[in-house]
Structures are given as C-alpha cells and as structure tokens.
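Step one of this worksheet: look at the structure below.
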Amino acid sequence: MATVELRFSAQPEHVRTARLVAAAVARRAGVDEAVLDEVRLAVGEACSRAVGLHRGNGVTTPIRVVLTEEEKTFSIEVGDEVPGAGVAAADAAGVPGARSEAPAEDFDDADGEDEMGLAVIRGLVDDVEVSAGEFGGTIRMSWPVSSADVLS
C-alpha cells in the first residue's frame with residue numbers, strides 16, 4: 001500500500017496543486033484514464049470546501065490530503081479541522097457516513113456553498129464517505145483501479 005500525504009495552508013491558490021498531485025498519483029495507481037477528470041474535479045471541490053471552512057472559521061492549521069493506493073482501490077481523504085463542519089449539509093445531501101451528532105450550528109455555512117460542494121462530490125464519485133466530529137471533518141473518496149500494469 002503506497003501513500004502520499006499533502007498538507008497545504010488554507011489558500012485557494014493551493015487547491016490547483018492538490019488537484020494536479022491527485023491526478024498524477026491516481027494515474028500512477030491505475031485509475032482509468034476516463035475517470036481522471038472526475039478525480040481532479042472531486043478533489044478540487046473537497047479541497048475548496050476545506051479551504052472555505054478553514055478561512056470562514058479562523059482555523060489556521062493546514063488542510064490534509066491523503067492519497068492511498070491499495071490493491072484494488074485508490075482513495076483520497078481530504079480533512080479539515082473545523083469541529084462539526086458540514087454535518088447538516090451532508091445529511092441534507094444524503095451522503096452516507098455523516099455523523100449527525102456533531103454540532104453543525106458551530107460553523108459558518110457560507111450561504112449553502114458547503115451543501116452544494118458535497119452534492120457535486122456525491123455526483124462525481126460513487127464511493128464517498130463524509131464524517132465530522134469535534135476535531136474536524138473528512139471526505140473519503142475511492143475509485144477502482146485496473147488490474148493491468150499501467151506503467152510498462
């Protein structure tokens with residue numbers, strides 16, 4: 001199992017870098033070429049959401065992106081450190097894995113952008129888990145990888 005971890009300050013200009021890294025690692029892991037645009041878009045949405053939550057709530061810690069290559073799947077986790085963020089939006093969007101007991105009223109939703117971002121991610125990725133708790137939230141997305149060796 002190969003893992004790449006990326007941390008970046010909550011600045012919108014760093015989202016593009018995260019998208020490029022995710023696409024490169026996904027390609028190397030064997031994710032189908034036709035799906036790479038979806039990987040880029042989903043990572044961009046998840047990272048933009050995390051940046052917005054950090055900036056809107058005065059959190060200065062870095063955004064965390066973990067890219068993991070396993071035998072049959074490639075997964076990406078995007079983590080923020082805003083307590084309870086996105087739980088109400090995740091429940092409203094019907095995203096499995098949301099933890100409804102976290103205090104959603106403790107963060108600024110930025111006029112529904114959080115809810116829209118989660119809906120976009122859910123539309124792009126079949127396997128999505130959203131969780132939030134007292135130490136922050138995580139969006140975990142995964143894609144199947146081809147069994148053939150992509151790099152010859």
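Chain lettering (A, B, ...) mirrors the order of the structure tokens, residue numbering begins at 1 for each chain separately, and ligand numbering begins at 1 in order of display.
Using only C-alpha atoms, the contacts of region 40-57 of chain A at a cut-off of 6 Å, with sequence neighbours closer than 2 positions omitted, comprise Ala10, Val15, Arg19, Ala23, Asp37, Glu38, Val59, Asp80, Gly117 and Ile121 of chain A.
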Subject >> Test item, strand (DSSP E) assignment across region 15-86 of chain A, answer as a ChimeraX atom specification >> reply: /A:63-69,73-79
Might you pull out every residue within 8 Å of Ser146 (chain A), with only C-alpha atoms counted and same-chain residues fewer than 4 positions away left off, and present them as a CSV table (one decimal) with N, CA and C atoms, in the first residue's frame?
```csv
chain,number,residue,atom,x,y,z
A,30,GLY,N,-3.3,3.5,-11.3
A,30,GLY,CA,-4.0,2.6,-12.3
A,30,GLY,C,-5.5,3.0,-12.4
A,31,VAL,N,-5.9,4.2,-11.9
A,31,VAL,CA,-7.2,4.6,-12.1
A,31,VAL,C,-7.5,4.8,-13.6
A,32,ASP,N,-8.6,4.4,-14.2
A,32,ASP,CA,-8.9,4.5,-15.6
A,32,ASP,C,-8.7,6.0,-16.1
A,72,LYS,N,-6.9,-2.9,-5.0
A,72,LYS,CA,-8.0,-2.8,-5.9
A,72,LYS,C,-8.6,-1.4,-5.9
A,150,VAL,N,-0.3,-0.4,-15.5
A,150,VAL,CA,-0.5,0.8,-16.4
A,150,VAL,C,0.9,1.3,-16.9
```
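Between Phe135 (chain A) and the candidates A:Leu67, A:Ser9, A:Ala119, A:Thr61, the tightest atom-to-atom separation, counting only C-alpha atoms, involves A:Thr61.
Going from CA of Ser142 (chain A) to CA of Thr73 (chain A) covers 6.5 Å.
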Original post:
Pick the closest to Met141 (chain A) from A:Leu20, A:Ile63, A:Ala26, A:Ala34: which is it, counting only C-alpha atoms?
Top reply: A:Ala26
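One finds CA of Leu124 (chain A) at 20.9 Å from CA of Pro12 (chain A).
Computed from the coordinates, the CA of Gly58 (chain A) to CA of Phe8 (chain A) distance equals 15.4 Å.
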